[in-house]
>>> print(open('work_12.cif').read())   # mmCIF, C-alpha atoms and all ligand atoms
data_entry
#
loop_
_atom_site.label_atom_id
_atom_site.label_comp_id
_atom_site.auth_asym_id
_atom_site.auth_seq_id
_atom_site.Cartn_x
_atom_site.Cartn_y
_atom_site.Cartn_z
CA MET A 1 77.22 126.51 114.49
CA SER A 2 80.22 124.21 114.13
CA ASN A 3 80.18 120.65 112.85
CA ILE A 4 82.31 117.94 114.42
CA ILE A 5 82.75 114.70 112.47
CA LEU A 6 84.33 111.48 113.76
CA GLY A 7 85.89 109.38 110.97
CA ILE A 8 86.54 105.65 111.35
CA GLU A 9 88.72 103.60 108.97
CA SER A 10 89.12 99.81 109.21
CA SER A 11 89.23 98.56 105.61
CA CYS A 12 92.53 96.67 105.72
CA ASP A 13 95.22 96.46 108.39
CA ASP A 14 95.15 99.94 109.96
CA THR A 15 92.63 100.91 112.63
CA SER A 16 92.22 104.67 112.50
CA ALA A 17 89.97 107.37 113.97
CA ALA A 18 90.02 111.11 113.29
CA ILE A 19 88.11 114.20 114.36
CA ILE A 20 87.41 117.06 111.97
CA LYS A 21 85.80 120.31 113.12
CA ASP A 22 84.43 122.56 110.37
CA GLY A 23 86.80 120.89 107.90
CA ILE A 24 89.88 121.33 110.12
CA LEU A 25 91.70 118.27 111.41
CA LEU A 26 91.88 118.06 115.20
CA SER A 27 93.25 114.52 115.53
CA ASN A 28 94.16 111.48 113.41
CA VAL A 29 95.13 108.34 115.33
CA ILE A 30 96.37 105.24 113.50
CA ALA A 31 97.15 101.82 114.98
CA GLY A 32 99.04 99.57 112.56
CA GLN A 33 99.07 95.78 112.85
CA LYS A 34 102.48 94.14 113.21
CA VAL A 35 100.89 90.67 113.40
CA HIS A 36 100.97 90.27 109.58
CA GLU A 37 104.72 90.77 109.16
CA ALA A 38 105.51 87.09 109.66
CA TYR A 39 103.16 86.09 106.83
CA GLY A 40 104.35 88.35 103.98
CA GLY A 41 100.88 89.85 103.51
CA VAL A 42 97.71 90.78 105.38
CA VAL A 43 95.89 87.80 106.96
CA PRO A 44 92.17 88.81 106.94
CA GLU A 45 91.12 86.93 110.08
CA LEU A 46 94.01 88.32 112.10
CA ALA A 47 93.23 91.82 110.79
CA SER A 48 89.61 91.63 112.00
CA ARG A 49 90.70 90.48 115.45
CA ALA A 50 93.28 93.26 115.74
CA HIS A 51 90.65 95.83 114.68
CA GLN A 52 88.41 94.58 117.50
CA GLN A 53 91.20 95.09 120.01
CA ASN A 54 92.17 98.50 118.64
CA ILE A 55 88.89 100.20 117.82
CA VAL A 56 87.85 101.39 121.30
CA PRO A 57 91.28 102.74 122.38
CA VAL A 58 91.89 104.35 118.96
CA VAL A 59 88.53 106.19 118.92
CA SER A 60 88.95 107.23 122.58
CA GLU A 61 92.43 108.57 121.85
CA ALA A 62 91.22 110.53 118.78
CA ILE A 63 88.50 112.15 120.93
CA ARG A 64 91.01 112.89 123.71
CA GLN A 65 93.63 114.41 121.35
CA ALA A 66 90.95 116.57 119.70
CA GLY A 67 90.09 118.03 123.10
CA ILE A 68 86.38 117.31 122.70
CA LYS A 69 83.84 115.11 124.47
CA LYS A 70 82.04 112.32 122.62
CA GLN A 71 78.77 114.20 123.15
CA ASP A 72 80.17 117.00 120.93
CA ILE A 73 80.23 114.73 117.85
CA ASP A 74 77.65 115.71 115.19
CA GLY A 75 78.12 112.87 112.71
CA ILE A 76 80.02 109.59 112.34
CA ALA A 77 81.72 108.75 109.06
CA PHE A 78 82.93 105.20 108.46
CA THR A 79 84.57 103.30 105.61
CA ARG A 80 81.86 101.17 104.07
CA GLY A 81 84.18 99.56 101.49
CA PRO A 82 85.97 98.40 99.47
CA GLY A 83 88.24 96.33 101.68
CA LEU A 84 88.36 93.15 103.74
CA LEU A 85 84.83 92.32 104.80
CA GLY A 86 85.70 91.15 108.32
CA SER A 87 87.76 94.29 108.93
CA LEU A 88 85.05 96.57 107.52
CA LEU A 89 82.45 94.92 109.75
CA VAL A 90 84.34 95.99 112.88
CA GLY A 91 84.44 99.70 111.92
CA THR A 92 80.92 99.66 110.46
CA SER A 93 79.37 97.99 113.52
CA PHE A 94 81.22 100.28 115.89
CA ALA A 95 80.10 103.37 113.95
CA LYS A 96 76.48 102.18 113.97
CA GLY A 97 76.53 101.45 117.70
CA LEU A 98 78.03 104.84 118.55
CA SER A 99 75.59 106.67 116.25
CA LEU A 100 72.69 105.02 118.08
CA ALA A 101 74.19 105.83 121.49
CA LEU A 102 74.87 109.49 120.60
CA ASN A 103 71.80 109.85 118.38
CA VAL A 104 73.79 111.41 115.52
CA PRO A 105 73.70 110.62 111.77
CA LEU A 106 75.83 108.01 110.07
CA LEU A 107 77.86 108.87 106.96
CA ASP A 108 79.01 105.97 104.77
CA VAL A 109 82.25 106.65 102.88
CA ASN A 110 83.72 104.85 99.90
CA HIS A 111 87.38 104.33 100.85
CA LEU A 112 88.51 105.40 97.36
CA HIS A 113 86.57 108.66 97.62
CA GLY A 114 88.44 109.23 100.88
CA HIS A 115 91.81 108.98 99.08
CA VAL A 116 90.58 111.29 96.30
CA LEU A 117 89.22 113.87 98.79
CA SER A 118 92.22 113.66 101.16
CA HIS A 119 93.46 116.94 99.63
CA PHE A 120 90.67 118.74 101.47
CA ILE A 121 92.02 117.78 104.90
CA LYS A 122 92.95 121.14 106.37
CA GLU A 123 95.50 121.26 109.15
CA ASP A 124 94.79 124.97 109.59
CA GLU A 125 92.83 127.77 107.92
CA ASN A 126 95.62 128.41 105.40
CA THR A 127 95.77 124.93 103.85
CA GLU A 128 95.27 125.26 100.09
CA VAL A 129 92.71 122.88 98.56
CA PRO A 130 92.03 121.92 94.90
CA GLU A 131 89.41 123.58 92.73
CA PHE A 132 86.85 121.43 90.92
CA PRO A 133 87.13 119.80 88.50
CA TYR A 134 90.52 118.20 89.11
CA LEU A 135 92.14 115.03 87.86
CA CYS A 136 93.27 112.54 90.47
CA LEU A 137 95.74 109.71 89.93
CA LEU A 138 94.68 107.17 92.54
CA VAL A 139 97.41 104.58 93.00
CA SER A 140 97.28 102.06 95.82
CA GLY A 141 97.74 98.38 96.56
CA GLY A 142 94.36 97.55 95.05
CA ASN A 143 93.64 100.33 92.53
CA SER A 144 95.18 102.38 89.76
CA GLN A 145 92.69 104.86 88.40
CA ILE A 146 92.52 108.24 86.72
CA ILE A 147 89.50 110.05 88.13
CA LYS A 148 87.86 113.29 87.07
CA VAL A 149 86.57 114.83 90.28
CA ASN A 150 83.68 117.18 89.48
CA SER A 151 82.55 117.63 93.09
CA PRO A 152 82.83 115.68 96.37
CA SER A 153 79.93 113.50 95.24
CA ASP A 154 80.49 113.38 91.47
CA MET A 155 83.52 111.44 90.22
CA GLU A 156 84.14 109.88 86.81
CA VAL A 157 86.67 107.10 86.27
CA LEU A 158 88.45 107.94 83.00
CA GLY A 159 90.82 104.98 83.11
CA GLN A 160 91.83 102.11 85.36
CA THR A 161 93.95 99.01 85.51
CA ILE A 162 92.74 95.97 83.64
CA ASP A 163 94.85 93.62 85.80
CA ASP A 164 97.27 94.43 88.65
CA ALA A 165 97.39 97.74 90.49
CA ALA A 166 100.60 99.83 90.60
CA GLY A 167 101.09 98.93 94.28
CA GLU A 168 100.75 95.24 93.44
CA ALA A 169 103.46 95.63 90.78
CA PHE A 170 105.76 97.13 93.44
CA ASP A 171 104.86 94.50 96.05
CA LYS A 172 104.98 91.42 93.81
CA CYS A 173 108.31 92.38 92.21
CA ALA A 174 109.71 93.19 95.66
CA LYS A 175 108.57 89.78 96.87
CA VAL A 176 110.50 87.92 94.16
CA MET A 177 113.54 89.99 95.16
CA GLY A 178 113.09 88.65 98.72
CA LEU A 179 112.14 92.05 100.22
CA PRO A 180 109.64 92.26 103.12
CA TYR A 181 105.93 93.05 102.60
CA PRO A 182 104.78 95.60 101.57
CA GLY A 183 107.66 95.97 99.14
CA GLY A 184 106.81 99.40 97.69
CA PRO A 185 108.65 101.46 100.33
CA HIS A 186 111.70 99.12 100.13
CA ILE A 187 111.90 99.52 96.35
CA ASP A 188 111.60 103.29 96.81
CA LYS A 189 114.56 103.29 99.24
CA LEU A 190 116.77 100.98 97.14
CA ALA A 191 115.94 102.90 93.95
CA ALA A 192 117.63 106.02 95.31
CA GLU A 193 121.02 104.23 95.05
CA GLY A 194 120.52 102.54 91.70
CA ASP A 195 120.86 103.14 87.95
CA ALA A 196 117.32 103.43 86.57
CA ASN A 197 118.48 102.88 82.98
CA ARG A 198 120.34 99.62 83.63
CA PHE A 199 117.42 97.21 83.00
CA LYS A 200 114.56 97.48 80.51
CA PHE A 201 111.20 95.91 81.37
CA SER A 202 108.19 95.60 79.12
CA LYS A 203 105.57 98.35 78.98
CA PRO A 204 101.93 97.78 78.05
CA HIS A 205 100.24 98.85 74.83
CA ILE A 206 96.69 99.41 76.01
CA GLN A 207 94.16 101.61 74.29
CA GLY A 208 92.71 104.74 75.90
CA LEU A 209 93.46 105.68 79.50
CA ASN A 210 93.56 102.19 81.02
CA TYR A 211 96.55 100.66 82.76
CA SER A 212 98.13 97.22 82.84
CA PHE A 213 100.97 96.05 85.07
CA SER A 214 100.93 92.27 84.66
CA GLY A 215 103.35 92.24 81.69
CA LEU A 216 105.87 94.30 83.62
CA LYS A 217 105.67 91.84 86.50
CA THR A 218 106.37 88.90 84.18
CA SER A 219 109.27 90.60 82.42
CA PHE A 220 110.76 91.55 85.81
CA LEU A 221 110.54 87.94 86.94
CA TYR A 222 112.30 86.71 83.80
CA THR A 223 115.16 89.18 84.33
CA LEU A 224 115.80 87.62 87.75
CA ARG A 225 115.72 84.04 86.51
CA ASP A 226 118.63 81.87 85.65
CA GLU A 227 117.29 78.77 83.86
CA LYS A 228 114.01 78.21 85.71
CA LYS A 229 114.88 79.58 89.15
CA ILE A 230 115.43 83.03 90.58
CA ASN A 231 119.14 83.68 90.92
CA PRO A 232 119.62 85.10 94.44
CA ASP A 233 123.23 86.17 93.79
CA PHE A 234 122.16 88.16 90.75
CA VAL A 235 119.39 89.82 92.79
CA GLU A 236 121.77 90.64 95.65
CA GLN A 237 124.44 92.14 93.37
CA ASN A 238 121.99 94.20 91.33
CA LYS A 239 119.23 95.03 93.79
CA ALA A 240 119.59 98.83 93.64
CA ASP A 241 119.65 98.88 89.82
CA LEU A 242 116.73 96.44 89.65
CA ALA A 243 114.69 98.58 92.06
CA ALA A 244 115.54 101.83 90.26
CA SER A 245 114.73 100.39 86.82
CA LEU A 246 111.47 98.88 88.09
CA GLN A 247 110.40 102.13 89.75
CA LYS A 248 111.22 104.12 86.60
CA THR A 249 109.15 101.74 84.45
CA ILE A 250 106.14 101.98 86.79
CA ILE A 251 106.40 105.79 86.80
CA ASP A 252 106.68 105.88 82.98
CA ILE A 253 103.55 103.71 82.68
CA LEU A 254 101.63 105.89 85.17
CA MET A 255 102.72 109.19 83.62
CA ASP A 256 102.06 108.06 80.06
CA LYS A 257 98.30 107.76 80.68
CA PHE A 258 98.02 110.48 83.31
CA SER A 259 99.61 113.05 80.99
CA LYS A 260 97.33 111.85 78.18
CA ALA A 261 94.30 112.42 80.45
CA ILE A 262 95.57 115.91 81.39
CA LYS A 263 95.97 116.81 77.69
CA GLU A 264 92.65 115.32 76.62
CA THR A 265 90.59 117.01 79.35
CA GLY A 266 92.54 120.29 79.45
CA ILE A 267 92.12 120.31 83.24
CA LYS A 268 94.73 122.47 84.99
CA THR A 269 94.51 121.07 88.52
CA VAL A 270 95.76 117.58 89.34
CA ALA A 271 96.25 115.51 92.47
CA ILE A 272 97.66 112.13 93.45
CA GLY A 273 96.49 109.83 96.22
CA GLY A 274 96.74 106.30 97.63
CA GLY A 275 99.68 104.39 99.11
CA VAL A 276 101.84 104.55 95.97
CA SER A 277 101.60 108.35 95.98
CA ALA A 278 104.08 108.15 98.89
CA ASN A 279 106.71 107.03 96.35
CA SER A 280 109.46 109.64 95.91
CA GLY A 281 109.77 109.00 92.17
CA VAL A 282 106.01 109.25 91.55
CA ARG A 283 105.80 112.48 93.57
CA ASN A 284 108.74 114.05 91.71
CA ALA A 285 107.49 112.96 88.29
CA VAL A 286 104.03 114.49 88.83
CA ALA A 287 105.43 117.67 90.40
CA GLU A 288 107.97 118.18 87.58
CA TYR A 289 105.49 117.44 84.81
CA CYS A 290 103.01 119.96 86.23
CA GLU A 291 105.59 122.64 86.98
CA ARG A 292 106.79 122.66 83.37
CA ARG A 293 103.22 123.11 82.09
CA ASN A 294 101.84 125.54 84.64
CA ILE A 295 99.47 122.96 86.07
CA LYS A 296 98.62 123.09 89.77
CA ALA A 297 99.65 119.81 91.45
CA PHE A 298 98.44 118.60 94.85
CA ILE A 299 100.89 116.11 96.35
CA PRO A 300 99.60 114.79 99.69
CA LYS A 301 101.55 114.70 102.91
CA ARG A 302 102.96 111.18 103.27
CA SER A 303 100.80 110.52 106.35
CA PHE A 304 97.66 111.08 104.23
CA THR A 305 98.73 108.73 101.42
CA THR A 306 98.20 105.46 103.27
CA ASP A 307 95.00 104.42 105.03
CA ASN A 308 93.88 107.01 107.57
CA ALA A 309 90.62 108.16 109.12
CA ALA A 310 91.24 111.86 108.41
CA MET A 311 90.32 111.27 104.76
CA ILE A 312 87.20 109.34 105.82
CA ALA A 313 86.21 112.17 108.16
CA ILE A 314 86.62 114.85 105.45
CA ALA A 315 84.65 112.79 102.90
CA GLY A 316 81.98 112.33 105.60
CA TYR A 317 82.05 116.05 106.35
CA PHE A 318 81.05 116.82 102.73
CA LYS A 319 78.21 114.30 103.04
CA TYR A 320 77.16 115.83 106.36
CA LEU A 321 76.93 119.29 104.77
CA ALA A 322 74.81 117.78 101.95
CA LYS A 323 72.65 115.95 104.57
CA ASP A 324 73.49 112.74 102.72
CA PHE A 325 73.05 110.43 105.73
CA CYS A 326 72.96 106.64 105.57
CA ASP A 327 70.60 104.06 106.95
CA ILE A 328 71.67 101.99 109.94
CA ASN A 329 70.96 98.80 107.96
CA LEU A 330 73.50 99.56 105.24
CA PRO A 331 75.97 96.64 105.00
CA PRO A 332 79.69 97.03 104.20
CA PHE A 333 80.93 95.95 100.77
CA ALA A 334 84.19 94.25 99.80
CA ARG A 335 84.58 95.36 96.18
CA ILE A 336 83.65 98.18 93.84
CA THR A 337 85.31 100.96 91.95
CA VAL A 338 84.57 104.68 92.28
O1 LIG B 401 96.51 102.90 99.79
P1 LIG B 401 97.21 101.80 100.50
O2 LIG B 401 97.77 102.11 101.86
O3 LIG B 401 96.26 100.59 100.71
C1 LIG B 401 95.90 99.57 99.88
O4 LIG B 401 95.53 99.80 98.72
O5 LIG B 401 95.97 98.44 100.40
O6 LIG B 401 98.38 101.33 99.54
C2 LIG B 401 99.30 100.35 99.89
C3 LIG B 401 100.29 100.23 98.74
C4 LIG B 401 101.20 99.01 98.85
O7 LIG B 401 101.21 98.36 97.61
C5 LIG B 401 102.57 99.65 99.15
O8 LIG B 401 103.67 98.90 98.68
C6 LIG B 401 102.46 100.95 98.42
O9 LIG B 401 101.13 101.38 98.67
N1 LIG B 401 103.43 101.94 98.88
C7 LIG B 401 104.47 102.35 98.12
C8 LIG B 401 105.21 103.27 98.92
N2 LIG B 401 104.58 103.38 100.13
C9 LIG B 401 103.49 102.56 100.09
N3 LIG B 401 104.83 102.02 96.89
C10 LIG B 401 105.93 102.61 96.38
N4 LIG B 401 106.70 103.48 97.09
C11 LIG B 401 106.37 103.84 98.35
N5 LIG B 401 107.14 104.71 99.02
#
>>> encode(input="work_12.cif", output="structure tokens")
Amino acid sequence: MSNIILGIESSCDDTSAAIIKDGILLSNVIAGQKVHEAYGGVVPELASRAHQQNIVPVVSEAIRQAGIKKQDIDGIAFTRGPGLLGSLLVGTSFAKGLSLALNVPLLDVNHLHGHVLSHFIKEDENTEVPEFPYLCLLVSGGNSQIIKVNSPSDMEVLGQTIDDAAGEAFDKCAKVMGLPYPGGPHIDKLAAEGDANRFKFSKPHIQGLNYSFSGLKTSFLYTLRDEKKINPDFVEQNKADLAASLQKTIIDILMDKFSKAIKETGIKTVAIGGGVSANSGVRNAVAEYCERRNIKAFIPKRSFTTDNAAMIAIAGYFKYLAKDFCDINLPPFARITV
């Protein structure tokens, strides 16, 4: 008997729905929200309203593209958190309503587990998936963590940021350079043209496997300042070199602890996930490091790095197989780690 899981993601500013049948992806529909562009960041109230407008058409389209009927769905997976509470409430309430209407179980998914398990999204029977245990570098706008993944339901955080996340370092530095939000992809693009050794920014000295990015942010800001103000001419003339040097420093910080974790655990399978894993430099650095040491690296397709419901559906699929269903009264949550 086959299992069909509908995944729903609404934790931030993307409304997404996906259908997975026996672990194979049939559809993954994502509606972004342009409304935030004018504000230089996500406005929570506007995000919730846009989710309300998008949720029905996005779920209907995912069902249509999958070539199934809604009555074929066996379980509904939804992002329970972390994220923006108002946004999460839209997806959570919709999932609960549909589970009642279809009389199928609900599967609550931690958004971070979705990123970590995104490597199990199969686009066909031949997609290769990681073996357990594997080490995952989870780098997004809100998190930077090194996670030992023992099974779909057993994950240990070996290290994490004590202040800003890697994505925040990209976005905040990009903002002071006057680049649009989110700045990460713009830095990535500019970095390709620049000299990564031109500027030196400070790197943290933190014990163990934890990260810190706030010192880098401050030293970047000071490089751009002339007296007490940012010098726009300096930024304009040096933007490619600034971007390349910033990106290199972030990668060095990430790889320093990730390589330490690989050595300490002796684990030979690694993966990356989260929005920052779309970064060309991060992808190359992990791939090259692993290739030289005969370590198997899973680098996600770019469409699975940012928020998507396919990863929620696959995480829900594992829970469905384990009969780990959730109660209809379960509320969403805004914050937690893995
Ligand atoms: O996982 P994600 O979509 O969601 C949140 O955590 O909110 O990650 C978004 C983050 C943003 O900080 C964005 O700038 C960053 O991922 N990002 C990138 C790139 N693409 C997205 N950072 C660097 N290079 C990229 N190509």
>>> closest_atom_pairs(input="work_12.cif", of="chain A", to="ligand LIG 401 (chain B)", cutoff="7 Å", atoms="all atoms listed in the file", output="Markdown table")
| residue | atom | partner | partner_atom | distance |
| --- | --- | --- | --- | --- |
| A:Cys12 | CA | B:LIG401 | O5 | 6.6 |
| A:Ser140 | CA | B:LIG401 | O6 | 3.9 |
| A:Gly141 | CA | B:LIG401 | O4 | 3.4 |
| A:Gly142 | CA | B:LIG401 | O4 | 4.5 |
| A:Asn143 | CA | B:LIG401 | O4 | 6.5 |
| A:Gly167 | CA | B:LIG401 | O7 | 3.4 |
| A:Glu168 | CA | B:LIG401 | O7 | 5.2 |
| A:Phe170 | CA | B:LIG401 | O8 | 5.9 |
| A:Asp171 | CA | B:LIG401 | O8 | 5.3 |
| A:Pro182 | CA | B:LIG401 | O8 | 4.5 |
| A:Gly183 | CA | B:LIG401 | O8 | 5.0 |
| A:Gly184 | CA | B:LIG401 | O8 | 3.3 |
| A:Pro185 | CA | B:LIG401 | N5 | 3.8 |
| A:Ile187 | CA | B:LIG401 | N4 | 6.6 |
| A:Asp188 | CA | B:LIG401 | N4 | 4.9 |
| A:Gly274 | CA | B:LIG401 | O1 | 4.0 |
| A:Gly275 | CA | B:LIG401 | O6 | 3.4 |
| A:Val276 | CA | B:LIG401 | N3 | 4.0 |
| A:Ser277 | CA | B:LIG401 | C8 | 6.9 |
| A:Ala278 | CA | B:LIG401 | N5 | 4.6 |
| A:Asn279 | CA | B:LIG401 | N5 | 3.6 |
| A:Ser280 | CA | B:LIG401 | N5 | 6.3 |
| A:Thr305 | CA | B:LIG401 | O1 | 6.4 |
| A:Thr306 | CA | B:LIG401 | O2 | 3.7 |
| A:Asp307 | CA | B:LIG401 | O2 | 4.8 |
>>> atom_distance(input="work_12.cif", atom1="CA of Lys21 in chain A", atom2="CA of Phe333 in chain A")
27.7 Å
>>> atom_distance(input="work_12.cif", atom1="CA of Phe201 in chain A", atom2="CA of Asn238 in chain A")
14.8 Å
>>> residues_around(input="work_12.cif", residues="Ala101 in chain A", least_positions_apart="5", cutoff="12 Å", atoms="all atoms listed in the file", output="VMD selection string")
chain A and resid 70 to 71 73 75 to 76 94 to 96 106
>>> residues_around(input="work_12.cif", residues="range 36-48 of chain A", least_positions_apart="4", cutoff="7 Å", atoms="all atoms listed in the file", output="list in words")
Asp13, Gln52, Leu84, Gly86, Ser87, Val90, Pro180 and Tyr181 of chain A
>>> residues_around(input="work_12.cif", residues="Ala334 in chain A", least_positions_apart="3", cutoff="7 Å", atoms="all atoms listed in the file", output="ChimeraX atom specification")
/A:81-85
>>> atom_distance(input="work_12.cif", atom1="CA of Ile253 in chain A", atom2="CA of Lys228 in chain A")
27.7 Å
>>> residues_around(input="work_12.cif", residues="Arg283 in chain A", least_positions_apart="2", cutoff="12 Å", atoms="all atoms listed in the file", output="PDB file with C-alpha atoms, in the coordinates of the input")
ATOM      1  CA  LEU A 137      95.740 109.710  89.930  1.00  0.00           C
ATOM      2  CA  VAL A 139      97.410 104.580  93.000  1.00  0.00           C
ATOM      3  CA  ASP A 188     111.600 103.290  96.810  1.00  0.00           C
ATOM      4  CA  GLN A 247     110.400 102.130  89.750  1.00  0.00           C
ATOM      5  CA  ILE A 251     106.400 105.790  86.800  1.00  0.00           C
ATOM      6  CA  LEU A 254     101.630 105.890  85.170  1.00  0.00           C
ATOM      7  CA  MET A 255     102.720 109.190  83.620  1.00  0.00           C
ATOM      8  CA  ALA A 271      96.250 115.510  92.470  1.00  0.00           C
ATOM      9  CA  ILE A 272      97.660 112.130  93.450  1.00  0.00           C
ATOM     10  CA  GLY A 273      96.490 109.830  96.220  1.00  0.00           C
ATOM     11  CA  GLY A 274      96.740 106.300  97.630  1.00  0.00           C
ATOM     12  CA  GLY A 275      99.680 104.390  99.110  1.00  0.00           C
ATOM     13  CA  VAL A 276     101.840 104.550  95.970  1.00  0.00           C
ATOM     14  CA  SER A 277     101.600 108.350  95.980  1.00  0.00           C
ATOM     15  CA  ALA A 278     104.080 108.150  98.890  1.00  0.00           C
ATOM     16  CA  ASN A 279     106.710 107.030  96.350  1.00  0.00           C
ATOM     17  CA  SER A 280     109.460 109.640  95.910  1.00  0.00           C
ATOM     18  CA  GLY A 281     109.770 109.000  92.170  1.00  0.00           C
ATOM     19  CA  ALA A 285     107.490 112.960  88.290  1.00  0.00           C
ATOM     20  CA  VAL A 286     104.030 114.490  88.830  1.00  0.00           C
ATOM     21  CA  ALA A 287     105.430 117.670  90.400  1.00  0.00           C
ATOM     22  CA  GLU A 288     107.970 118.180  87.580  1.00  0.00           C
ATOM     23  CA  TYR A 289     105.490 117.440  84.810  1.00  0.00           C
ATOM     24  CA  CYS A 290     103.010 119.960  86.230  1.00  0.00           C
ATOM     25  CA  ALA A 297      99.650 119.810  91.450  1.00  0.00           C
ATOM     26  CA  PHE A 298      98.440 118.600  94.850  1.00  0.00           C
ATOM     27  CA  ILE A 299     100.890 116.110  96.350  1.00  0.00           C
ATOM     28  CA  PRO A 300      99.600 114.790  99.690  1.00  0.00           C
ATOM     29  CA  LYS A 301     101.550 114.700 102.910  1.00  0.00           C
ATOM     30  CA  ARG A 302     102.960 111.180 103.270  1.00  0.00           C
ATOM     31  CA  THR A 305      98.730 108.730 101.420  1.00  0.00           C
TER      32      THR A 305
END
>>> residues_around(input="work_12.cif", residues="range 213-215 of chain A", least_positions_apart="4", cutoff="8 Å", atoms="all atoms listed in the file", output="list in words")
Thr161, Asp163, Asp164, Ala165, Ala166, Ala169, Ser202, Lys203, Pro204 and Ser219 of chain A
>>> closest_atom_pairs(input="work_12.cif", of="range 114-157 of chain A", to="range 312-329 of chain A", cutoff="7 Å", atoms="all atoms listed in the file", output="Markdown table")
| residue | atom | partner | partner_atom | distance |
| --- | --- | --- | --- | --- |
| A:Gly114 | CA | A:Ile312 | CA | 5.1 |
| A:Leu117 | CA | A:Ala315 | CA | 6.2 |
| A:Phe120 | CA | A:Ile314 | CA | 6.9 |
| A:Ile121 | CA | A:Ile314 | CA | 6.2 |
| A:Pro152 | CA | A:Phe318 | CA | 6.7 |
>>> axis_aligned_box(input="work_12.cif", around="range 154-162 of chain A", padding_each_side="4 Å", output="AutoDock Vina command-line options")
--center_x 87.2 --center_y 104.7 --center_z 87.2 --size_x 21.5 --size_y 25.4 --size_z 16.5
>>> closest_residue(input="work_12.cif", among="A:Phe199, A:Phe78, A:Phe132, A:Tyr222", to="Met155 in chain A", atoms="all atoms listed in the file")
A:Phe132
>>> closest_residue(input="work_12.cif", among="A:Leu224, A:Ala17, A:Val35, A:Leu6", to="Pro105 in chain A", atoms="only C-alpha atoms")
A:Leu6
>>> residues_near_point(input="work_12.cif", point="(97.0, 101.8, 112.6)", cutoff="10 Å", atoms="all atoms listed in the file", output="MDAnalysis selection string")
chainID A and resid 9:10 12:17 29:34 50:51 54:55 58 307:309
>>> closest_residue(input="work_12.cif", among="A:Ala77, A:Val270, A:Ala240, A:Ala310", to="Leu107 in chain A", atoms="only C-alpha atoms")
A:Ala77
>>> closest_residue(input="work_12.cif", among="A:Thr218, A:Gln145, A:Ser60, A:Thr79", to="Val109 in chain A", atoms="only C-alpha atoms")
A:Thr79
>>> closest_residue(input="work_12.cif", among="A:Arg225, A:Glu125, A:Lys239, A:Ile19", to="Ala66 in chain A", atoms="only C-alpha atoms")
A:Ile19
>>> closest_residue(input="work_12.cif", among="A:Leu135, A:Leu221, A:Leu26, A:Leu112", to="Gly266 in chain A", atoms="all atoms listed in the file")
A:Leu135
